[in-house]
>>> print(open('protein07.txt').read())   # compact mmCIF, C-alpha atoms and all ligand atoms
# COMPACT_ATOMS: atom_id res chain seq x y z
CA MET A 991 84.09 80.89 83.54
CA PRO A 992 83.67 84.05 85.69
CA LYS A 993 81.86 87.02 84.18
CA HIS A 994 83.84 89.78 82.53
CA SER A 995 84.51 92.61 85.01
CA ARG A 996 85.76 96.18 84.92
CA ILE A 997 88.70 96.21 87.33
CA ILE A 998 90.86 99.05 88.66
CA VAL A 999 94.39 97.92 89.58
CA THR A 1000 96.44 100.40 91.64
CA GLY A 1001 100.22 100.02 91.59
CA ALA A 1002 99.86 98.73 88.00
CA ALA A 1003 103.45 99.62 87.09
CA GLY A 1004 104.76 97.79 90.15
CA PHE A 1005 106.13 94.25 90.33
CA ILE A 1006 102.97 92.45 91.49
CA GLY A 1007 100.62 94.96 89.82
CA SER A 1008 102.02 94.55 86.31
CA HIS A 1009 101.77 90.74 86.56
CA ALA A 1010 98.20 91.07 87.88
CA VAL A 1011 97.19 93.36 84.99
CA LYS A 1012 98.48 90.83 82.43
CA ALA A 1013 96.68 87.93 84.13
CA LEU A 1014 93.38 89.84 84.41
CA LEU A 1015 93.52 90.88 80.73
CA ASP A 1016 94.33 87.28 79.76
CA ALA A 1017 91.29 86.17 81.75
CA GLY A 1018 89.11 88.46 79.63
CA HIS A 1019 88.58 91.42 82.00
CA SER A 1020 88.86 95.14 81.30
CA VAL A 1021 91.52 96.89 83.38
CA LEU A 1022 92.29 100.47 84.30
CA GLY A 1023 95.78 100.67 85.82
CA ILE A 1024 96.77 103.49 88.16
CA ASP A 1025 100.30 104.31 89.32
CA ASN A 1026 102.24 107.50 90.14
CA ILE A 1027 105.50 105.90 88.81
CA ASN A 1028 107.44 107.35 91.75
CA GLU A 1029 111.23 107.25 92.03
CA TYR A 1030 111.53 104.92 95.05
CA TYR A 1031 113.38 102.73 92.55
CA ASP A 1032 114.23 103.26 88.87
CA SER A 1033 111.12 104.47 87.04
CA LYS A 1034 112.52 102.99 83.79
CA LEU A 1035 111.76 99.53 85.18
CA LYS A 1036 108.18 100.63 85.97
CA ASN A 1037 107.72 102.03 82.45
CA ASP A 1038 109.23 98.88 80.93
CA ARG A 1039 106.78 96.74 82.91
CA LEU A 1040 103.93 98.80 81.48
CA LYS A 1041 105.40 98.37 77.98
CA SER A 1042 105.61 94.62 78.59
CA ILE A 1043 101.82 94.57 79.03
CA GLY A 1044 101.70 95.77 75.42
CA TYR A 1045 98.79 97.32 73.56
CA HIS A 1046 95.47 95.84 74.62
CA LYS A 1047 92.11 97.36 73.76
CA GLU A 1048 90.78 96.49 77.23
CA PHE A 1049 93.69 98.18 79.04
CA GLU A 1050 93.92 101.84 80.03
CA PHE A 1051 96.45 103.55 82.27
CA GLU A 1052 96.32 106.73 84.37
CA LYS A 1053 99.38 108.25 86.02
CA ILE A 1054 97.82 109.40 89.29
CA ASP A 1055 98.81 109.52 92.95
CA ILE A 1056 96.24 107.56 94.97
CA SER A 1057 96.48 110.09 97.80
CA ASP A 1058 95.11 112.75 95.39
CA HIS A 1059 91.56 111.98 96.37
CA ASN A 1060 89.73 114.29 93.93
CA LYS A 1061 91.50 112.70 90.96
CA ILE A 1062 90.81 109.21 92.28
CA VAL A 1063 87.10 110.01 92.67
CA ASP A 1064 86.99 111.35 89.08
CA VAL A 1065 88.58 108.15 87.77
CA PHE A 1066 86.16 105.94 89.71
CA ASP A 1067 83.21 108.06 88.50
CA SER A 1068 84.11 107.76 84.86
CA TYR A 1069 85.45 104.16 84.77
CA LYS A 1070 82.80 102.62 87.06
CA PRO A 1071 84.85 99.60 88.20
CA VAL A 1072 83.09 96.54 89.57
CA ARG A 1073 86.20 95.27 91.36
CA VAL A 1074 89.33 96.97 92.69
CA LEU A 1075 92.75 95.39 93.23
CA HIS A 1076 94.63 97.88 95.38
CA LEU A 1077 98.38 97.20 95.34
CA ALA A 1078 99.88 100.72 95.27
CA ALA A 1079 101.96 101.37 98.38
CA GLN A 1080 105.27 102.60 99.62
CA ALA A 1081 106.93 99.21 100.04
CA GLY A 1082 110.18 98.30 101.79
CA VAL A 1083 111.01 98.01 105.47
CA ARG A 1084 114.33 99.83 105.58
CA TYR A 1085 113.29 102.93 103.60
CA SER A 1086 110.72 103.75 106.31
CA ILE A 1087 113.61 104.82 108.52
CA GLU A 1088 114.84 107.27 105.84
CA ASN A 1089 111.52 108.60 104.52
CA PRO A 1090 108.71 107.91 107.00
CA PHE A 1091 106.22 110.42 105.57
CA SER A 1092 106.05 108.66 102.19
CA TYR A 1093 104.47 105.68 104.04
CA ILE A 1094 101.83 107.92 105.60
CA GLU A 1095 101.01 109.52 102.21
CA SER A 1096 100.78 106.34 100.12
CA ASN A 1097 99.81 103.68 102.64
CA LEU A 1098 97.49 105.54 105.01
CA LYS A 1099 96.15 108.54 103.08
CA GLY A 1100 96.25 106.50 99.86
CA HIS A 1101 94.36 103.53 101.35
CA LEU A 1102 91.74 105.85 102.84
CA SER A 1103 91.41 107.63 99.50
CA ILE A 1104 90.59 104.29 97.79
CA LEU A 1105 88.12 103.34 100.55
CA GLU A 1106 86.36 106.71 100.27
CA ALA A 1107 86.19 106.47 96.47
CA ILE A 1108 84.57 103.03 96.84
CA ARG A 1109 82.19 104.27 99.53
CA ASN A 1110 80.93 106.92 97.08
CA SER A 1111 80.83 104.58 94.10
CA ALA A 1112 77.69 102.69 93.17
CA SER A 1113 79.54 100.17 91.01
CA VAL A 1114 82.24 98.54 93.20
CA ARG A 1115 81.34 95.14 94.67
CA HIS A 1116 84.69 93.93 96.07
CA LEU A 1117 88.00 95.49 97.13
CA VAL A 1118 91.04 93.20 97.27
CA TYR A 1119 94.10 94.93 98.75
CA ALA A 1120 97.71 94.09 99.59
CA SER A 1121 98.81 93.72 103.16
CA SER A 1122 102.06 92.09 104.24
CA SER A 1123 103.57 89.27 106.31
CA SER A 1124 105.55 92.01 108.10
CA VAL A 1125 102.46 92.73 110.27
CA TYR A 1126 103.35 89.62 112.31
CA GLY A 1127 106.57 91.18 113.68
CA ASN A 1128 108.87 89.08 115.87
CA ASP A 1129 106.37 88.08 118.56
CA THR A 1130 103.89 85.89 116.68
CA ALA A 1131 103.90 82.10 117.15
CA VAL A 1132 105.05 80.09 114.13
CA PRO A 1133 103.45 79.38 111.70
CA PHE A 1134 101.83 82.83 111.46
CA SER A 1135 98.06 82.53 111.61
CA GLU A 1136 95.64 85.22 110.46
CA ASN A 1137 94.04 84.92 113.92
CA ALA A 1138 97.18 86.26 115.67
CA ARG A 1139 96.83 89.77 117.12
CA ALA A 1140 99.68 91.21 115.03
CA ASP A 1141 99.84 94.35 117.14
CA LYS A 1142 103.61 94.59 117.65
CA PRO A 1143 105.00 95.86 114.31
CA VAL A 1144 108.78 96.28 114.20
CA SER A 1145 108.76 98.77 111.29
CA LEU A 1146 106.69 101.75 110.23
CA TYR A 1147 105.92 99.90 106.98
CA ALA A 1148 104.37 97.04 108.99
CA ALA A 1149 102.46 99.51 111.18
CA THR A 1150 100.90 101.19 108.11
CA LYS A 1151 99.94 97.82 106.58
CA ARG A 1152 98.27 96.70 109.82
CA ALA A 1153 96.55 100.11 110.07
CA ASP A 1154 95.22 99.59 106.51
CA GLU A 1155 93.63 96.33 107.63
CA LEU A 1156 91.95 98.14 110.53
CA LEU A 1157 90.72 100.95 108.25
CA SER A 1158 89.31 98.29 105.93
CA GLU A 1159 87.62 96.49 108.83
CA SER A 1160 85.87 99.70 109.86
CA TYR A 1161 84.73 100.49 106.28
CA ALA A 1162 83.48 96.95 105.77
CA SER A 1163 81.36 97.26 108.87
CA LEU A 1164 80.26 100.93 108.47
CA TYR A 1165 79.58 101.03 104.74
CA ARG A 1166 79.22 97.34 103.86
CA ILE A 1167 82.16 97.35 101.44
CA PRO A 1168 83.18 93.69 100.90
CA GLN A 1169 86.95 93.44 101.27
CA THR A 1170 89.80 90.95 101.21
CA GLY A 1171 93.28 91.75 102.55
CA LEU A 1172 96.18 89.63 101.27
CA ARG A 1173 99.24 89.24 103.47
CA PHE A 1174 101.95 88.51 100.92
CA PHE A 1175 105.11 86.71 102.06
CA THR A 1176 108.34 87.84 100.24
CA VAL A 1177 107.24 87.66 96.62
CA TYR A 1178 109.94 87.17 93.95
CA GLY A 1179 110.20 86.50 90.23
CA PRO A 1180 110.73 88.13 86.81
CA TRP A 1181 110.12 91.92 86.68
CA GLY A 1182 110.84 91.92 90.46
CA ARG A 1183 111.87 94.72 92.79
CA PRO A 1184 115.42 96.14 92.83
CA ASP A 1185 115.28 96.88 96.57
CA MET A 1186 114.73 93.24 97.53
CA ALA A 1187 117.41 90.76 98.59
CA TYR A 1188 117.05 88.36 95.64
CA TRP A 1189 117.66 91.24 93.19
CA LEU A 1190 120.57 92.79 95.18
CA PHE A 1191 122.24 89.37 95.60
CA THR A 1192 121.83 88.45 91.91
CA LYS A 1193 123.30 91.80 90.80
CA ALA A 1194 126.26 91.56 93.21
CA ILE A 1195 127.03 87.90 92.40
CA LEU A 1196 126.93 88.51 88.62
CA GLU A 1197 129.24 91.54 89.08
CA SER A 1198 131.56 89.53 91.41
CA LYS A 1199 130.95 92.02 94.20
CA PRO A 1200 130.42 91.16 97.89
CA ILE A 1201 126.90 90.77 99.21
CA LYS A 1202 125.71 92.04 102.57
CA VAL A 1203 124.43 89.20 104.72
CA PHE A 1204 122.55 90.35 107.80
CA ASN A 1205 122.48 88.50 111.14
CA ASP A 1206 125.14 86.07 109.75
CA GLY A 1207 122.50 84.62 107.43
CA ASN A 1208 120.46 83.40 110.43
CA LEU A 1209 117.18 84.62 108.98
CA GLU A 1210 114.34 82.58 107.54
CA ARG A 1211 111.86 83.68 104.91
CA ASP A 1212 108.78 82.12 103.42
CA PHE A 1213 109.41 82.99 99.74
CA THR A 1214 106.51 83.06 97.28
CA TYR A 1215 106.90 82.87 93.52
CA ILE A 1216 104.99 85.55 91.61
CA ASP A 1217 102.88 83.11 89.53
CA ASP A 1218 101.53 81.46 92.70
CA VAL A 1219 100.58 84.88 94.09
CA ILE A 1220 98.89 85.99 90.86
CA GLU A 1221 96.97 82.77 90.29
CA THR A 1222 95.30 82.93 93.68
CA THR A 1223 94.81 86.73 93.65
CA VAL A 1224 92.92 86.44 90.34
CA LYS A 1225 90.79 83.59 91.78
CA ILE A 1226 89.88 85.77 94.76
CA ILE A 1227 89.03 88.85 92.69
CA GLU A 1228 86.88 86.77 90.34
CA ASP A 1229 84.98 85.14 93.22
CA GLU A 1230 81.40 86.36 92.87
CA ASN A 1231 80.21 84.48 95.95
CA PHE A 1232 81.97 86.79 98.38
CA GLU A 1233 79.54 89.63 99.01
CA HIS A 1234 79.80 90.65 102.67
CA GLY A 1235 82.42 91.42 105.29
CA HIS A 1236 86.20 91.64 105.53
CA ARG A 1237 88.61 88.74 105.56
CA ILE A 1238 92.37 88.38 105.57
CA TYR A 1239 94.48 85.65 103.95
CA ASN A 1240 98.13 84.71 104.14
CA ILE A 1241 99.66 84.03 100.73
CA GLY A 1242 103.03 82.38 101.29
CA GLY A 1243 105.37 79.75 99.91
CA SER A 1244 105.33 76.14 101.01
CA SER A 1245 107.96 76.40 103.76
CA PRO A 1246 110.47 78.92 105.15
CA ARG A 1247 114.05 78.71 103.89
CA ARG A 1248 117.28 79.92 105.47
CA LEU A 1249 118.95 82.96 103.98
CA GLN A 1250 122.23 81.11 103.36
CA GLU A 1251 120.41 78.40 101.40
CA PHE A 1252 118.74 81.14 99.35
CA ILE A 1253 122.12 82.76 98.58
CA ASP A 1254 123.60 79.40 97.54
CA LEU A 1255 120.71 78.82 95.11
CA ILE A 1256 121.12 82.26 93.53
CA ALA A 1257 124.89 81.72 93.19
CA LYS A 1258 124.23 78.34 91.54
CA ALA A 1259 121.73 79.89 89.11
CA CYS A 1260 124.32 82.60 88.28
CA GLY A 1261 127.03 79.95 87.85
CA LYS A 1262 129.30 81.89 90.23
CA THR A 1263 130.40 81.97 93.87
CA ALA A 1264 128.88 84.43 96.33
CA ILE A 1265 131.27 86.65 98.31
CA CYS A 1266 129.49 87.14 101.63
CA GLN A 1267 130.12 89.94 104.15
CA ASN A 1268 128.38 89.58 107.49
CA PHE A 1269 126.53 92.48 109.09
CA PRO A 1270 124.43 92.72 112.27
CA MET A 1271 120.63 92.52 112.18
CA GLN A 1272 119.04 95.58 110.52
CA PRO A 1273 116.52 97.70 112.39
CA GLY A 1274 112.97 96.89 111.25
CA ASP A 1275 113.82 93.39 109.99
CA VAL A 1276 112.16 90.27 111.36
CA TYR A 1277 113.98 87.03 112.15
CA ARG A 1278 111.63 84.76 110.29
CA THR A 1279 108.39 84.62 108.38
CA CYS A 1280 106.32 81.47 108.06
CA ALA A 1281 102.78 81.38 106.71
CA ASP A 1282 99.98 79.24 108.04
CA LEU A 1283 98.15 78.52 104.78
CA THR A 1284 95.15 76.66 106.26
CA ARG A 1285 92.60 79.41 105.54
CA ILE A 1286 93.54 80.14 101.92
CA THR A 1287 93.91 76.44 101.16
CA LYS A 1288 90.45 75.69 102.56
CA ASP A 1289 88.69 78.58 100.76
CA TYR A 1290 90.59 78.72 97.45
CA HIS A 1291 92.48 75.38 97.24
CA TYR A 1292 95.73 77.35 97.26
CA ARG A 1293 98.85 75.24 96.77
CA PRO A 1294 102.12 76.96 95.88
CA ARG A 1295 103.62 75.18 92.89
CA VAL A 1296 106.99 76.88 92.34
CA ASP A 1297 109.79 76.28 94.84
CA LEU A 1298 113.04 78.26 95.10
CA GLU A 1299 114.97 75.63 93.10
CA THR A 1300 112.71 76.41 90.11
CA GLY A 1301 111.79 80.04 90.76
CA LEU A 1302 115.23 81.55 91.42
CA PRO A 1303 116.78 80.34 88.12
CA ARG A 1304 113.74 81.84 86.31
CA PHE A 1305 114.41 85.17 88.00
CA VAL A 1306 118.15 85.06 87.22
CA GLU A 1307 117.39 84.22 83.58
CA TRP A 1308 114.98 87.17 83.31
CA TYR A 1309 117.55 89.47 84.99
CA ARG A 1310 120.29 88.45 82.53
CA GLN A 1311 118.00 89.04 79.57
CA TYR A 1312 116.67 92.38 80.83
CA PHE A 1313 120.16 93.78 81.47
CA GLY A 1314 121.88 91.89 78.67
CA VAL A 1315 124.37 90.30 81.10
N1 LIG A 1401 106.78 92.13 96.84
C1 LIG A 1401 106.62 91.64 98.07
O1 LIG A 1401 107.38 90.77 98.51
C2 LIG A 1401 105.51 92.14 98.96
C3 LIG A 1401 105.36 91.52 100.21
C4 LIG A 1401 104.34 91.96 101.05
C5 LIG A 1401 103.47 92.95 100.63
N2 LIG A 1401 103.64 93.54 99.41
C6 LIG A 1401 102.70 94.59 99.02
O2 LIG A 1401 102.20 94.31 97.73
C7 LIG A 1401 101.97 95.51 97.01
C8 LIG A 1401 102.72 95.50 95.70
O3 LIG A 1401 104.11 95.36 95.99
P1 LIG A 1401 105.23 95.31 94.87
O4 LIG A 1401 106.27 94.38 95.35
O5 LIG A 1401 104.62 95.12 93.54
O6 LIG A 1401 105.82 96.79 95.02
P2 LIG A 1401 106.18 97.88 93.91
O7 LIG A 1401 106.86 98.99 94.64
O8 LIG A 1401 106.89 97.25 92.77
O9 LIG A 1401 104.75 98.36 93.42
C9 LIG A 1401 104.01 99.38 94.04
C10 LIG A 1401 103.62 100.38 92.96
O10 LIG A 1401 102.79 101.36 93.58
C11 LIG A 1401 103.14 102.63 93.07
N3 LIG A 1401 102.80 103.63 94.09
C12 LIG A 1401 103.38 103.82 95.31
N4 LIG A 1401 102.79 104.85 95.95
C13 LIG A 1401 101.82 105.30 95.11
C14 LIG A 1401 100.87 106.35 95.19
N5 LIG A 1401 100.82 107.15 96.28
N6 LIG A 1401 100.01 106.55 94.17
C15 LIG A 1401 100.05 105.75 93.06
N7 LIG A 1401 100.94 104.75 92.90
C16 LIG A 1401 101.81 104.53 93.94
C17 LIG A 1401 104.64 102.57 92.82
O11 LIG A 1401 105.05 103.50 91.83
C18 LIG A 1401 104.82 101.12 92.35
O12 LIG A 1401 104.81 101.02 90.95
C19 LIG A 1401 102.37 96.64 97.94
O13 LIG A 1401 101.21 97.07 98.63
C20 LIG A 1401 103.31 95.97 98.91
O14 LIG A 1401 103.36 96.64 100.15
C21 LIG A 1401 104.63 93.15 98.56
>>> encode(input="protein07.txt", output="structure tokens")
Amino acid sequence: MPKHSRIIVTGAAGFIGSHAVKALLDAGHSVLGIDNINEYYDSKLKNDRLKSIGYHKEFEFEKIDISDHNKIVDVFDSYKPVRVLHLAAQAGVRYSIENPFSYIESNLKGHLSILEAIRNSASVRHLVYASSSSVYGNDTAVPFSENARADKPVSLYAATKRADELLSESYASLYRIPQTGLRFFTVYGPWGRPDMAYWLFTKAILESKPIKVFNDGNLERDFTYIDDVIETTVKIIEDENFEHGHRIYNIGGSSPRRLQEFIDLIAKACGKTAICQNFPMQPGDVYRTCADLTRITKDYHYRPRVDLETGLPRFVEWYRQYFGV
């Protein structure tokens, strides 16, 4: 049983963050959650996720913007975390075309703000942060290996996530801050994100509205169920043997699936037929994602357990309950 830790989780009101907070509290840790509850998507959902964590004497929450460095330093000074799980970010590929500066504020300035707070903290022993499969772009050989250069991002979002990894590399080497970057591959599940395809498709299918299918459905994604992501993220943050350096892991599903197959499974879970409208490829999107899981499997015995056939009906069931549909 790992020792109890004081852990700061940024992005605590987000999809992955709220699940991570629950799992860390269940594992007996103390957690301080940070989130600015921005309006990128409905803040009611973010507040409801926080409510779903419920009252817990080992849980505190601060509504703070991570790019507000002075406030972040104050929080680190008073809470004295031993570990940090940094998930706050401006997510989404398409929104970076509409609002590019929000990515610079949250993903670059925000990431640096967390690194600087850790550099000046005497207590932090490990930073685990979220990167993304989008760093691989369209030019990387399949399956995507962490050893690939990943220097041809096709969206600003991907460019900021890759830049975060490079900032982390420099801080690990300059200031000896042990760090782990997690490249998540399309995470889905209950309490998910309203800007993502599985949510938009479920909503449209249940409302008998058409869904937008890009590139005629000729896209492939390596989908990862939230419980698989959380189980391994908790294992990594609890690992007391990792004390030096900076490493990066892919966290993906077991195999890529075609978009059309994905739509058919959602329609089946909804008990309805999908009305598909085809659109050309969107700027910033990649054709396929496919994780090489050799490294994470070797170091943490990672094995995704939940496939789309099981995970999508769980999401649809949660969605129906949450909205009373
Ligand atoms: N969900 C996925 O499929 C996926 C895939 C790859 C990478 N990621 C990464 O994982 C992390 C979590 O993603 P998610 O799906 O839970 O997204 P999310 O948008 O649900 O959660 C991010 C949270 O961070 C908060 N936030 C954003 N900017 C902030 C700031 N400047 N200060 C404080 N809080 C801020 C938001 O309010 C939100 O609650 C992100 O870093 C994301 O880029 C997610």
>>> axis_aligned_box(input="protein07.txt", around="ligand LIG 1401 (chain A)", padding_each_side="8 Å", output="AutoDock Vina command-line options")
--center_x 103.7 --center_y 99.0 --center_z 96.0 --size_x 23.4 --size_y 32.4 --size_z 26.1
>>> closest_atom_pairs(input="protein07.txt", of="range 994-1101 of chain A", to="range 1141-1144 of chain A", cutoff="12 Å", atoms="only C-alpha atoms", output="tab-separated table")
residue	atom	partner	partner_atom	distance
A:Val1083	CA	A:Val1144	CA	9.2
A:Arg1084	CA	A:Val1144	CA	10.8
A:Ser1086	CA	A:Val1144	CA	11.0
A:Ile1087	CA	A:Val1144	CA	11.3
>>> residues_near_ligand(input="protein07.txt", ligand="ligand LIG 1401 (chain A)", cutoff="6 Å", atoms="all atoms listed in the file", output="ChimeraX atom specification")
/A:1001,1003-1007,1025-1028,1054-1057,1077-1081,1096,1100,1120-1123,1174-1177,1183
>>> atom_distance(input="protein07.txt", atom1="CA of Asp1064 in chain A", atom2="CA of Thr1223 in chain A")
26.2 Å
>>> residues_near_point(input="protein07.txt", point="(118.8, 93.3, 113.4)", cutoff="12 Å", atoms="all atoms listed in the file", output="PDB file with C-alpha atoms, in the frame of the given file")
ATOM      1  CA  ARG A1084     114.330  99.830 105.580  1.00  0.00           C
ATOM      2  CA  ASN A1128     108.870  89.080 115.870  1.00  0.00           C
ATOM      3  CA  VAL A1144     108.780  96.280 114.200  1.00  0.00           C
ATOM      4  CA  SER A1145     108.760  98.770 111.290  1.00  0.00           C
ATOM      5  CA  VAL A1203     124.430  89.200 104.720  1.00  0.00           C
ATOM      6  CA  PHE A1204     122.550  90.350 107.800  1.00  0.00           C
ATOM      7  CA  ASN A1205     122.480  88.500 111.140  1.00  0.00           C
ATOM      8  CA  ASP A1206     125.140  86.070 109.750  1.00  0.00           C
ATOM      9  CA  GLY A1207     122.500  84.620 107.430  1.00  0.00           C
ATOM     10  CA  ASN A1208     120.460  83.400 110.430  1.00  0.00           C
ATOM     11  CA  LEU A1209     117.180  84.620 108.980  1.00  0.00           C
ATOM     12  CA  ASN A1268     128.380  89.580 107.490  1.00  0.00           C
ATOM     13  CA  PHE A1269     126.530  92.480 109.090  1.00  0.00           C
ATOM     14  CA  PRO A1270     124.430  92.720 112.270  1.00  0.00           C
ATOM     15  CA  MET A1271     120.630  92.520 112.180  1.00  0.00           C
ATOM     16  CA  GLN A1272     119.040  95.580 110.520  1.00  0.00           C
ATOM     17  CA  PRO A1273     116.520  97.700 112.390  1.00  0.00           C
ATOM     18  CA  GLY A1274     112.970  96.890 111.250  1.00  0.00           C
ATOM     19  CA  ASP A1275     113.820  93.390 109.990  1.00  0.00           C
ATOM     20  CA  VAL A1276     112.160  90.270 111.360  1.00  0.00           C
ATOM     21  CA  TYR A1277     113.980  87.030 112.150  1.00  0.00           C
ATOM     22  CA  ARG A1278     111.630  84.760 110.290  1.00  0.00           C
TER      23      ARG A1278
END
>>> residues_near_point(input="protein07.txt", point="(111.2, 81.3, 103.9)", cutoff="7 Å", atoms="only C-alpha atoms", output="list in words")
Glu1210, Arg1211, Asp1212, Phe1213, Ser1245, Pro1246, Arg1247, Arg1248, Thr1279 and Cys1280 of chain A
>>> atom_distance(input="protein07.txt", atom1="CA of Ala1153 in chain A", atom2="CA of Ala1002 in chain A")
22.4 Å
>>> atom_distance(input="protein07.txt", atom1="CA of Ile1216 in chain A", atom2="CA of Gly1082 in chain A")
17.1 Å
>>> closest_residue(input="protein07.txt", among="A:Leu1146, A:Leu1283, A:Leu1075, A:Ala1140", to="Leu1098 in chain A", atoms="only C-alpha atoms")
A:Leu1146
>>> closest_residue(input="protein07.txt", among="A:Lys1047, A:Pro1303, A:Val1011, A:Ile997", to="Phe1066 in chain A", atoms="all atoms listed in the file")
A:Ile997
>>> closest_residue(input="protein07.txt", among="A:Tyr1309, A:Tyr1292, A:Phe1134, A:Tyr1119", to="Asp1154 in chain A", atoms="all atoms listed in the file")
A:Tyr1119
>>> residues_around(input="protein07.txt", residues="Ser1103 in chain A", least_positions_apart="3", cutoff="10 Å", atoms="only C-alpha atoms", output="JSON, numbers by chain")
{"A": [1056, 1057, 1058, 1059, 1060, 1061, 1062, 1063, 1096, 1097, 1098, 1099, 1100, 1106, 1107, 1108, 1109]}
>>> closest_residue(input="protein07.txt", among="A:Thr1130, A:Ser995, A:Asn1240, A:Asn1110", to="Asp1282 in chain A", atoms="all atoms listed in the file")
A:Asn1240
>>> closest_residue(input="protein07.txt", among="A:Lys1036, A:Arg1152, A:Arg1304, A:Lys1288", to="Leu1255 in chain A", atoms="all atoms listed in the file")
A:Arg1304
>>> closest_residue(input="protein07.txt", among="A:His1101, A:Lys1258, A:Arg1310, A:Arg1039", to="Leu1298 in chain A", atoms="all atoms listed in the file")
A:Lys1258
>>> residues_around(input="protein07.txt", residues="Arg1237 in chain A", least_positions_apart="3", cutoff="12 Å", atoms="only C-alpha atoms", output="PDB file with C-alpha atoms, in the frame of the given file")
ATOM      1  CA  HIS A1116      84.690  93.930  96.070  1.00  0.00           C
ATOM      2  CA  LEU A1117      88.000  95.490  97.130  1.00  0.00           C
ATOM      3  CA  VAL A1118      91.040  93.200  97.270  1.00  0.00           C
ATOM      4  CA  TYR A1119      94.100  94.930  98.750  1.00  0.00           C
ATOM      5  CA  SER A1121      98.810  93.720 103.160  1.00  0.00           C
ATOM      6  CA  GLU A1136      95.640  85.220 110.460  1.00  0.00           C
ATOM      7  CA  ASN A1137      94.040  84.920 113.920  1.00  0.00           C
ATOM      8  CA  GLU A1155      93.630  96.330 107.630  1.00  0.00           C
ATOM      9  CA  LEU A1156      91.950  98.140 110.530  1.00  0.00           C
ATOM     10  CA  SER A1158      89.310  98.290 105.930  1.00  0.00           C
ATOM     11  CA  GLU A1159      87.620  96.490 108.830  1.00  0.00           C
ATOM     12  CA  ALA A1162      83.480  96.950 105.770  1.00  0.00           C
ATOM     13  CA  SER A1163      81.360  97.260 108.870  1.00  0.00           C
ATOM     14  CA  ILE A1167      82.160  97.350 101.440  1.00  0.00           C
ATOM     15  CA  PRO A1168      83.180  93.690 100.900  1.00  0.00           C
ATOM     16  CA  GLN A1169      86.950  93.440 101.270  1.00  0.00           C
ATOM     17  CA  THR A1170      89.800  90.950 101.210  1.00  0.00           C
ATOM     18  CA  GLY A1171      93.280  91.750 102.550  1.00  0.00           C
ATOM     19  CA  LEU A1172      96.180  89.630 101.270  1.00  0.00           C
ATOM     20  CA  ARG A1173      99.240  89.240 103.470  1.00  0.00           C
ATOM     21  CA  ILE A1226      89.880  85.770  94.760  1.00  0.00           C
ATOM     22  CA  PHE A1232      81.970  86.790  98.380  1.00  0.00           C
ATOM     23  CA  GLU A1233      79.540  89.630  99.010  1.00  0.00           C
ATOM     24  CA  HIS A1234      79.800  90.650 102.670  1.00  0.00           C
ATOM     25  CA  ASN A1240      98.130  84.710 104.140  1.00  0.00           C
ATOM     26  CA  ARG A1285      92.600  79.410 105.540  1.00  0.00           C
ATOM     27  CA  ILE A1286      93.540  80.140 101.920  1.00  0.00           C
ATOM     28  CA  ASP A1289      88.690  78.580 100.760  1.00  0.00           C
TER      29      ASP A1289
END
>>> build_atoms(input="protein07.txt", residues="range 1230-1240 of chain A", atoms="N, CA and C atoms", output="compact mmCIF listing (two decimals), in the coordinates of the input")
# COMPACT_ATOMS: atom_id res chain seq x y z
N GLU A 1230 82.64 85.58 92.78
CA GLU A 1230 81.40 86.36 92.87
C GLU A 1230 80.55 85.95 94.06
N ASN A 1231 81.00 84.92 94.80
CA ASN A 1231 80.21 84.48 95.95
C ASN A 1231 80.52 85.26 97.22
N PHE A 1232 81.63 86.01 97.18
CA PHE A 1232 81.97 86.79 98.38
C PHE A 1232 81.30 88.16 98.29
N GLU A 1233 80.32 88.39 99.14
CA GLU A 1233 79.54 89.63 99.01
C GLU A 1233 79.48 90.47 100.28
N HIS A 1234 79.91 89.90 101.42
CA HIS A 1234 79.80 90.65 102.67
C HIS A 1234 81.05 90.47 103.51
N GLY A 1235 81.41 91.53 104.24
CA GLY A 1235 82.42 91.42 105.29
C GLY A 1235 83.84 91.70 104.84
N HIS A 1236 84.77 91.36 105.73
CA HIS A 1236 86.20 91.64 105.53
C HIS A 1236 86.98 90.44 106.00
N ARG A 1237 87.81 89.89 105.15
CA ARG A 1237 88.61 88.74 105.56
C ARG A 1237 90.06 88.97 105.16
N ILE A 1238 90.93 88.23 105.82
CA ILE A 1238 92.37 88.38 105.57
C ILE A 1238 92.96 87.00 105.29
N TYR A 1239 93.83 86.92 104.28
CA TYR A 1239 94.48 85.65 103.95
C TYR A 1239 96.00 85.81 103.90
N ASN A 1240 96.69 84.83 104.41
CA ASN A 1240 98.13 84.71 104.14
C ASN A 1240 98.31 84.14 102.74
